[in-house]
>>> print(open('start-v9.txt').read())   # compact mmCIF, C-alpha atoms and all ligand atoms
# COMPACT_ATOMS: atom_id res chain seq x y z
CA MET A 1 21.30 9.06 15.40
CA LEU A 2 22.43 5.86 13.70
CA LEU A 3 21.17 4.18 10.50
CA SER A 4 20.87 0.39 10.68
CA THR A 5 18.61 -2.51 9.66
CA LEU A 6 15.81 -3.98 11.74
CA ALA A 7 16.93 -6.76 14.09
CA GLU A 8 14.57 -9.68 14.78
CA GLN A 9 14.37 -8.77 18.49
CA ASP A 10 13.22 -5.25 17.58
CA ARG A 11 10.03 -6.26 15.78
CA ASP A 12 7.83 -5.41 18.77
CA ALA A 13 9.55 -2.05 19.06
CA ALA A 14 8.95 -1.51 15.34
CA ALA A 15 5.24 -2.28 15.73
CA LYS A 16 5.00 0.13 18.68
CA LEU A 17 6.79 2.81 16.69
CA ILE A 18 4.53 2.47 13.62
CA HIS A 19 1.38 2.45 15.77
CA GLY A 20 2.60 5.38 17.88
CA ALA A 21 3.74 7.53 14.93
CA LEU A 22 0.56 7.00 12.90
CA SER A 23 -1.74 7.48 15.91
CA ALA A 24 0.01 10.68 17.02
CA TRP A 25 0.04 12.15 13.52
CA TYR A 26 -3.64 11.44 12.75
CA ASP A 27 -4.75 12.54 16.26
CA GLN A 28 -2.89 15.83 16.08
CA HIS A 29 -3.28 16.79 12.44
CA LEU A 30 -6.60 15.29 11.36
CA ASN A 31 -8.34 15.02 14.72
CA GLN A 32 -8.86 11.30 14.02
CA VAL A 33 -8.45 10.21 17.63
CA GLY A 34 -8.30 6.44 18.00
CA ARG A 35 -8.18 5.77 14.25
CA PHE A 36 -5.50 3.09 14.74
CA GLY A 37 -6.89 1.64 17.97
CA VAL A 38 -5.19 1.53 21.34
CA ASP A 39 -3.18 -1.67 20.83
CA TRP A 40 0.16 -1.78 19.03
CA GLU A 41 0.14 -5.60 18.68
CA PRO A 42 -1.85 -5.65 15.38
CA PHE A 43 1.01 -3.59 13.87
CA ARG A 44 3.39 -6.57 14.29
CA ILE A 45 1.96 -7.61 10.95
CA PHE A 46 4.14 -5.03 9.15
CA PRO A 47 7.58 -6.24 10.28
CA ASP A 48 6.39 -9.86 10.20
CA VAL A 49 5.02 -9.74 6.64
CA TYR A 50 7.77 -7.55 5.26
CA GLU A 51 10.59 -9.60 6.77
CA CYS A 52 8.99 -12.64 5.15
CA LEU A 53 8.44 -10.97 1.76
CA ASP A 54 11.61 -8.83 1.65
CA PRO A 55 14.01 -10.10 4.33
CA GLY A 56 16.55 -7.57 5.59
CA ARG A 57 14.91 -4.65 3.77
CA ALA A 58 13.80 -2.66 6.81
CA LEU A 59 15.96 0.37 7.56
CA VAL A 60 15.87 1.80 11.05
CA VAL A 61 17.24 4.82 12.83
CA LEU A 62 18.45 4.24 16.40
CA GLU A 63 19.03 7.04 18.89
CA ASN A 64 22.55 5.63 19.32
CA GLU A 65 24.35 2.26 19.22
CA GLY A 66 22.03 -0.23 21.00
CA GLY A 67 19.68 2.66 21.80
CA PRO A 68 15.94 3.04 21.22
CA LEU A 69 14.34 2.82 17.78
CA ARG A 70 13.44 6.26 16.41
CA GLY A 71 12.46 5.53 12.84
CA ILE A 72 11.66 2.72 10.41
CA CYS A 73 11.34 2.52 6.64
CA PHE A 74 10.57 -0.62 4.65
CA TYR A 75 11.64 -0.89 1.03
CA HIS A 76 10.81 -3.49 -1.58
CA PRO A 77 13.19 -4.12 -4.50
CA ARG A 78 11.42 -5.54 -7.55
CA PRO A 79 12.80 -6.32 -11.05
CA THR A 80 11.38 -3.07 -12.48
CA HIS A 81 11.48 -0.69 -9.49
CA VAL A 82 12.02 -0.22 -5.77
CA SER A 83 9.02 0.73 -3.68
CA VAL A 84 8.83 2.31 -0.25
CA GLY A 85 6.37 1.93 2.62
CA ILE A 86 5.79 2.30 5.55
CA VAL A 87 7.92 5.23 6.76
CA ALA A 88 7.43 6.16 10.42
CA VAL A 89 9.37 8.26 12.90
CA ASP A 90 8.83 8.50 16.66
CA PRO A 91 7.04 11.85 17.14
CA ALA A 92 9.52 12.67 19.93
CA ALA A 93 12.33 12.44 17.34
CA GLY A 94 10.49 14.23 14.51
CA GLY A 95 12.11 16.96 12.44
CA ARG A 96 15.66 15.72 13.10
CA GLY A 97 16.21 14.19 9.67
CA ALA A 98 15.52 10.54 10.58
CA ALA A 99 13.07 10.01 7.70
CA ARG A 100 15.33 11.81 5.22
CA ALA A 101 18.32 9.65 6.25
CA MET A 102 16.39 6.40 5.68
CA LEU A 103 14.97 7.54 2.34
CA GLU A 104 18.34 8.77 1.09
CA GLU A 105 19.68 5.26 1.75
CA VAL A 106 16.80 3.72 -0.25
CA LEU A 107 17.48 6.17 -3.10
CA ARG A 108 21.16 5.22 -3.04
CA ILE A 109 20.27 1.52 -3.27
CA ALA A 110 17.82 2.20 -6.12
CA ASP A 111 20.33 4.37 -7.97
CA ASP A 112 22.94 1.60 -7.73
CA SER A 113 20.54 -0.70 -9.58
CA ARG A 114 19.26 2.14 -11.85
CA LYS A 115 15.66 1.66 -10.80
CA PRO A 116 12.89 4.18 -10.18
CA VAL A 117 11.49 4.44 -6.64
CA ARG A 118 7.73 4.36 -6.11
CA LEU A 119 5.44 5.07 -3.17
CA VAL A 120 1.92 6.17 -2.31
CA SER A 121 1.65 9.10 0.11
CA SER A 122 -1.22 10.78 1.88
CA LEU A 123 -2.32 14.07 0.33
CA MET A 124 -3.55 15.08 3.78
CA ASN A 125 -0.07 14.74 5.27
CA LEU A 126 2.10 17.73 4.38
CA ASP A 127 5.03 16.32 6.36
CA SER A 128 5.36 13.19 4.25
CA PHE A 129 4.35 14.95 1.00
CA SER A 130 7.11 17.51 1.60
CA LEU A 131 9.65 14.90 2.63
CA TYR A 132 9.16 12.91 -0.58
CA THR A 133 8.90 15.81 -3.03
CA LYS A 134 12.02 17.44 -1.52
CA LEU A 135 13.86 14.21 -2.31
CA GLY A 136 12.79 14.36 -5.96
CA PHE A 137 9.60 12.29 -6.00
CA VAL A 138 7.02 13.52 -8.51
CA PRO A 139 3.28 13.19 -7.76
CA GLY A 140 1.13 11.32 -10.30
CA THR A 141 -2.21 9.53 -9.96
CA VAL A 142 -4.48 10.87 -7.21
CA PHE A 143 -6.53 8.30 -5.32
CA GLN A 144 -9.72 8.71 -3.31
CA ASP A 145 -9.85 6.42 -0.27
CA LEU A 146 -13.48 5.30 -0.38
CA GLN A 147 -15.33 3.43 2.34
CA PHE A 148 -18.93 2.36 2.84
CA PRO A 149 -20.67 2.93 6.16
CA PRO A 150 -20.50 -0.10 8.49
CA GLY A 151 -22.81 -2.88 7.39
CA GLN A 152 -23.38 -1.33 3.97
CA HIS A 153 -21.92 -2.45 0.65
CA PRO A 154 -22.80 -1.81 -2.99
CA PRO A 155 -24.84 -4.30 -5.02
CA ARG A 156 -22.66 -6.76 -6.89
CA VAL A 157 -22.14 -5.69 -10.50
CA PRO A 158 -21.49 -8.64 -12.83
CA ALA A 159 -18.56 -8.59 -15.25
CA ARG A 160 -19.26 -7.93 -18.90
CA ASP A 161 -18.06 -10.76 -21.11
CA GLY A 162 -16.47 -12.73 -18.34
CA GLU A 163 -16.63 -13.74 -14.73
CA VAL A 164 -15.09 -12.76 -11.41
CA ARG A 165 -13.77 -15.74 -9.46
CA MET A 166 -11.26 -16.53 -6.73
CA ALA A 167 -7.70 -16.71 -8.03
CA VAL A 168 -5.84 -20.01 -7.97
CA SER A 169 -2.08 -20.61 -8.09
CA GLU A 170 -2.26 -21.29 -11.85
CA ASP A 171 -3.33 -17.65 -12.35
CA LEU A 172 0.11 -16.34 -11.35
CA ALA A 173 1.38 -15.81 -14.92
CA GLY A 174 -1.94 -14.19 -15.92
CA LEU A 175 -1.82 -11.72 -13.01
CA ALA A 176 1.78 -10.81 -13.76
CA ALA A 177 1.01 -10.36 -17.47
CA VAL A 178 -1.93 -7.99 -16.82
CA GLU A 179 0.19 -5.94 -14.40
CA GLN A 180 3.05 -5.75 -16.89
CA GLU A 181 0.71 -4.74 -19.72
CA LEU A 182 -1.09 -2.02 -17.73
CA THR A 183 1.68 -0.62 -15.54
CA GLY A 184 4.97 -1.91 -16.93
CA LEU A 185 5.80 -3.21 -13.43
CA ASP A 186 6.87 -6.69 -12.40
CA ARG A 187 5.53 -7.75 -9.00
CA THR A 188 5.41 -11.49 -9.64
CA ARG A 189 6.95 -12.11 -6.20
CA ASP A 190 4.06 -10.29 -4.53
CA PHE A 191 1.44 -12.21 -6.48
CA GLU A 192 3.13 -15.48 -5.57
CA PHE A 193 2.95 -14.39 -1.93
CA PHE A 194 -0.78 -13.55 -2.15
CA LEU A 195 -1.67 -16.78 -3.91
CA GLU A 196 0.37 -18.87 -1.48
CA ASN A 197 -1.43 -16.94 1.30
CA ALA A 198 0.39 -18.73 4.13
CA ARG A 199 -1.17 -16.39 6.70
CA GLY A 200 -4.68 -16.73 5.31
CA ILE A 201 -5.18 -12.95 5.30
CA TRP A 202 -5.25 -12.20 1.57
CA ARG A 203 -8.07 -12.83 -0.82
CA THR A 204 -7.33 -12.49 -4.53
CA MET A 205 -9.98 -12.41 -7.24
CA VAL A 206 -9.51 -12.42 -10.99
CA LEU A 207 -11.75 -11.33 -13.79
CA SER A 208 -11.35 -13.82 -16.60
CA GLY A 209 -12.68 -13.23 -20.08
CA ARG A 210 -14.74 -15.71 -22.09
CA ASP A 211 -11.47 -16.99 -23.54
CA GLY A 212 -10.31 -17.86 -20.00
CA GLN A 213 -7.57 -15.20 -20.04
CA VAL A 214 -7.07 -13.09 -16.91
CA ARG A 215 -8.26 -9.56 -17.77
CA GLY A 216 -7.87 -7.99 -14.33
CA PHE A 217 -7.35 -8.85 -10.69
CA LEU A 218 -7.94 -7.42 -7.23
CA SER A 219 -6.56 -8.64 -3.92
CA SER A 220 -7.60 -7.62 -0.42
CA ILE A 221 -6.27 -7.94 3.08
CA ALA A 222 -8.02 -8.27 6.43
CA ALA A 223 -5.50 -8.40 9.26
CA GLY A 224 -4.81 -6.43 12.39
CA GLY A 225 -5.53 -2.78 11.73
CA THR A 226 -5.33 -3.20 7.94
CA TRP A 227 -8.55 -3.91 6.14
CA MET A 228 -8.47 -2.80 2.54
CA LEU A 229 -8.81 -3.82 -1.09
CA GLY A 230 -5.75 -3.87 -3.37
CA PRO A 231 -3.48 -4.31 -5.09
CA GLY A 232 -5.35 -4.53 -8.34
CA ALA A 233 -5.09 -3.75 -12.02
CA MET A 234 -7.93 -3.76 -14.53
CA ARG A 235 -8.33 -2.69 -18.14
CA ASP A 236 -11.31 -0.36 -17.59
CA GLU A 237 -13.74 1.08 -15.06
CA ALA A 238 -16.43 -1.54 -15.71
CA ASP A 239 -13.98 -4.36 -14.92
CA ALA A 240 -12.87 -2.44 -11.81
CA LEU A 241 -16.47 -2.08 -10.60
CA ALA A 242 -17.13 -5.80 -11.07
CA LEU A 243 -14.02 -6.73 -9.05
CA ILE A 244 -14.56 -4.10 -6.33
CA THR A 245 -18.20 -5.03 -5.74
CA ALA A 246 -17.31 -8.75 -5.66
CA GLN A 247 -14.59 -8.10 -3.06
CA LEU A 248 -16.84 -5.86 -0.94
CA GLU A 249 -19.58 -8.48 -0.99
CA ALA A 250 -17.08 -11.12 0.16
CA HIS A 251 -16.00 -8.90 3.09
CA ALA A 252 -19.54 -7.94 4.16
CA PRO A 253 -20.67 -6.94 6.73
CA GLY A 254 -17.15 -5.46 7.07
CA ASN A 255 -16.30 -2.30 5.21
CA PRO A 256 -12.72 -2.29 3.88
CA VAL A 257 -11.28 0.86 2.29
CA VAL A 258 -10.54 0.97 -1.44
CA LEU A 259 -8.26 3.50 -3.14
CA VAL A 260 -9.75 4.44 -6.51
CA PRO A 261 -8.08 6.76 -9.07
CA ALA A 262 -9.91 10.11 -8.90
CA ARG A 263 -9.86 10.34 -12.71
CA ALA A 264 -11.95 7.11 -12.95
CA THR A 265 -15.06 9.26 -12.76
CA GLU A 266 -17.69 6.66 -13.70
CA LEU A 267 -16.31 4.23 -11.16
CA VAL A 268 -16.17 6.91 -8.45
CA GLN A 269 -19.73 8.03 -9.26
CA ALA A 270 -21.02 4.43 -9.14
CA LEU A 271 -19.46 3.98 -5.70
CA TYR A 272 -20.78 7.36 -4.48
CA ALA A 273 -24.27 6.39 -5.71
CA ALA A 274 -24.08 3.24 -3.60
CA GLY A 275 -23.15 5.25 -0.48
CA ALA A 276 -19.32 5.39 -0.46
CA ARG A 277 -17.66 8.23 1.47
CA ASN A 278 -14.20 9.76 1.02
CA VAL A 279 -12.06 9.08 4.08
CA GLU A 280 -8.65 10.29 2.83
CA LEU A 281 -6.75 11.16 -0.36
CA HIS A 282 -3.48 9.64 -1.54
CA VAL A 283 -1.13 10.23 -4.45
CA ALA A 284 1.29 7.92 -6.26
CA GLN A 285 4.78 9.38 -6.37
CA VAL A 286 7.75 8.27 -8.42
CA ARG A 287 11.38 9.30 -8.29
CA GLY A 288 12.84 8.46 -11.70
CA THR A 289 11.11 7.48 -14.90
CA ALA A 290 7.60 6.06 -14.91
CA ALA A 291 4.82 5.75 -17.44
CA GLU A 292 1.29 6.65 -16.34
CA PRO A 293 -0.62 3.37 -15.85
CA LYS A 294 -3.11 2.29 -18.49
CA GLY A 295 -6.48 1.19 -17.15
CA ILE A 296 -7.24 1.26 -13.43
CA VAL A 297 -4.70 0.60 -10.72
CA ILE A 298 -5.67 0.08 -7.08
CA PRO A 299 -2.84 0.33 -4.52
CA THR A 300 -2.62 -1.19 -1.06
CA PHE A 301 -0.60 -0.44 2.08
CA LEU A 302 0.30 -4.06 2.85
CA PRO A 303 2.43 -4.85 1.02
CA GLU A 304 3.17 -1.38 -0.29
CA SER A 305 5.16 -2.65 -3.22
CA GLY A 306 3.94 -0.77 -6.27
C1 LIG B 1 6.35 11.94 7.89
C2 LIG B 1 7.43 11.55 8.88
C3 LIG B 1 7.96 10.16 8.51
C4 LIG B 1 8.58 12.60 8.79
O1 LIG B 1 9.65 12.19 9.64
P1 LIG B 1 10.81 13.22 10.16
O2 LIG B 1 11.94 12.41 10.66
O3 LIG B 1 10.20 14.20 11.07
O4 LIG B 1 11.20 13.95 8.79
P2 LIG B 1 12.60 14.62 8.47
O5 LIG B 1 13.01 15.46 9.64
O6 LIG B 1 13.62 13.60 8.02
O7 LIG B 1 12.31 15.45 7.15
C5 LIG B 1 11.22 16.25 7.00
C6 LIG B 1 11.53 17.12 5.77
O8 LIG B 1 10.30 17.66 5.32
C7 LIG B 1 10.40 19.09 5.34
N1 LIG B 1 9.07 19.62 5.56
C8 LIG B 1 8.17 19.26 6.53
N2 LIG B 1 7.06 19.99 6.37
C9 LIG B 1 7.26 20.79 5.29
C10 LIG B 1 6.47 21.74 4.60
N3 LIG B 1 5.24 22.03 5.02
N4 LIG B 1 6.98 22.33 3.51
C11 LIG B 1 8.24 22.05 3.07
N5 LIG B 1 9.03 21.14 3.69
C12 LIG B 1 8.56 20.55 4.79
C13 LIG B 1 11.40 19.38 6.44
O9 LIG B 1 11.95 20.66 6.31
C14 LIG B 1 12.42 18.29 6.15
O10 LIG B 1 13.17 18.62 5.00
P3 LIG B 1 14.79 18.81 5.08
O11 LIG B 1 15.36 17.45 5.39
O12 LIG B 1 15.16 19.26 3.71
O13 LIG B 1 15.04 19.80 6.15
C15 LIG B 1 6.90 11.57 10.36
O14 LIG B 1 6.24 12.79 10.60
C16 LIG B 1 5.91 10.45 10.66
O15 LIG B 1 6.32 9.37 11.05
N6 LIG B 1 4.59 10.71 10.52
C17 LIG B 1 3.58 9.71 10.84
C18 LIG B 1 3.63 8.52 9.95
C19 LIG B 1 3.50 8.91 8.50
O16 LIG B 1 2.68 9.73 8.16
N7 LIG B 1 4.32 8.30 7.64
C20 LIG B 1 4.34 8.60 6.22
C21 LIG B 1 3.41 7.74 5.44
S1 LIG B 1 3.52 6.02 5.70
>>> encode(input="start-v9.txt", output="structure tokens")
Amino acid sequence: MLLSTLAEQDRDAAAKLIHGALSAWYDQHLNQVGRFGVDWEPFRIFPDVYECLDPGRALVVLENEGGPLRGICFYHPRPTHVSVGIVAVDPAAGGRGAARAMLEEVLRIADDSRKPVRLVSSLMNLDSFSLYTKLGFVPGTVFQDLQFPPGQHPPRVPARDGEVRMAVSEDLAGLAAVEQELTGLDRTRDFEFFLENARGIWRTMVLSGRDGQVRGFLSSIAAGGTWMLGPGAMRDEADALALITAQLEAHAPGNPVVLVPARATELVQALYAAGARNVELHVAQVRGTAAEPKGIVIPTFLPESG
């Protein structure tokens, strides 16, 4: 097989590959038949968004020169780190080292710029968990993927000493500063992208204190097969609950998924009490140095850049 980068004319093939790999894996291993729907077209969003946000940063594995696409891996270089997501391999080509080859290339690129590599992987997927930990990634924060039953959402919980409102472009520096303070990461480019919102699929809310300073933020996406809250960073569980309930109210009667740190016990209990169910578990993994985040961090899968 041959390592290359995604060509513009292969974006449909990439969408088919991502849809096919995820569907096959969840059907076979978790008995979640139909979880990703029958259509691959909604998965065009991944190559389309990522080529816009991080042009030329999609690695692919081809069966041979000009041959069919067997694997794809998007990576996202940021000033403080490189992140990875999605990784998908055609089930017919599984176990032949395609995923390892793409990840080793990302690790080489990250090592050249002396940056840690970050990703979020499913704790219910031993294939990807093994792949990443064999390559030196170390598991950290565990997340519960929580979802409310269709048509149900928790009552809105107001912010203490502040208000939750829609973000505006002037909030960019505030968002970046909160992220830097709580996680040490710089994802200003991502926040710019959300606030510009050229596709109209992101919704970003901020929690501003009485002094007008941004104290936390939470974005969300509703597009194609991806309907979830995140990314977000907040100082404490109360701020997280205010932002999560505001976002869920805005999406009602839809029921997006939200990944909440399992150690945020009061937040998890508040969401359980309102009817939330666990639908999957994920774990943040880092290869290289990383400090545990302060406060509450909520990841997303589009863009998977933290
Ligand atoms: C996860 C996935 C990308 C793996 O792709 P792949 O090309 O089959 O993986 P590779 O062959 O490159 O590598 C798998 C590695 O994991 C190892 N592995 C797999 N299961 C293992 C286990 N239970 N214990 C230990 N190691 C294991 C293999 O031995 C191999 O390691 P090696 O390179 O040292 O031999 C593929 O199964 C997939 O696309 N799944 C669906 C989509 C998905 O879940 N993506 C990940 C999250 S976005």
>>> residues_around(input="start-v9.txt", residues="Asp54 in chain A", least_positions_apart="2", cutoff="8 Å", atoms="all atoms listed in the file", output="list in words")
Tyr50, Glu51, Cys52, Gly56, Arg57, Tyr75, His76 and Pro77 of chain A
>>> residues_around(input="start-v9.txt", residues="range 39-48 of chain A", least_positions_apart="5", cutoff="8 Å", atoms="all atoms listed in the file", output="list in words")
Arg11, Asp12, Ala14, Ala15, Lys16, Ile18, His19, Gly20, Ala58, Ala223, Gly224, Gly225 and Leu302 of chain A
>>> write_last_selection(input="start-v9.txt", atoms="C-alpha atoms", output="short mmCIF file (atom, residue, chain, number, x, y, z; two decimals), in the coordinates of the input")
data_model
loop_
_atom_site.label_atom_id
_atom_site.label_comp_id
_atom_site.auth_asym_id
_atom_site.auth_seq_id
_atom_site.Cartn_x
_atom_site.Cartn_y
_atom_site.Cartn_z
CA ARG A 11 10.03 -6.26 15.78
CA ASP A 12 7.83 -5.41 18.77
CA ALA A 14 8.95 -1.51 15.34
CA ALA A 15 5.24 -2.28 15.73
CA LYS A 16 5.00 0.13 18.68
CA ILE A 18 4.53 2.47 13.62
CA HIS A 19 1.38 2.45 15.77
CA GLY A 20 2.60 5.38 17.88
CA ALA A 58 13.80 -2.66 6.81
CA ALA A 223 -5.50 -8.40 9.26
CA GLY A 224 -4.81 -6.43 12.39
CA GLY A 225 -5.53 -2.78 11.73
CA LEU A 302 0.30 -4.06 2.85
#
>>> residues_near_point(input="start-v9.txt", point="(-18.5, -14.8, -21.9)", cutoff="8 Å", atoms="only C-alpha atoms", output="number ranges by chain")
A: 160-163, 209-211
>>> residues_near_ligand(input="start-v9.txt", ligand="ligand LIG 1 (chain B)", cutoff="6 Å", atoms="only C-alpha atoms and all ligand atoms", output="MDAnalysis selection string")
chainID A and resid 21:22 25 85:89 94:100 121 126:128 130:131
>>> closest_residue(input="start-v9.txt", among="A:Leu185, A:Leu30, A:Leu218, A:Val38", to="Gln247 in chain A", atoms="only C-alpha atoms")
A:Leu218
>>> atom_distance(input="start-v9.txt", atom1="CA of Val120 in chain A", atom2="CA of Gln285 in chain A")
5.9 Å
>>> residues_around(input="start-v9.txt", residues="Arg199 in chain A", least_positions_apart="4", cutoff="10 Å", atoms="all atoms listed in the file", output="list in words")
Val49, Phe193, Phe194 and Ala223 of chain A
>>> closest_residue(input="start-v9.txt", among="A:Ile298, A:Ala291, A:Ala242, A:Leu17", to="Ser219 in chain A", atoms="all atoms listed in the file")
A:Ile298
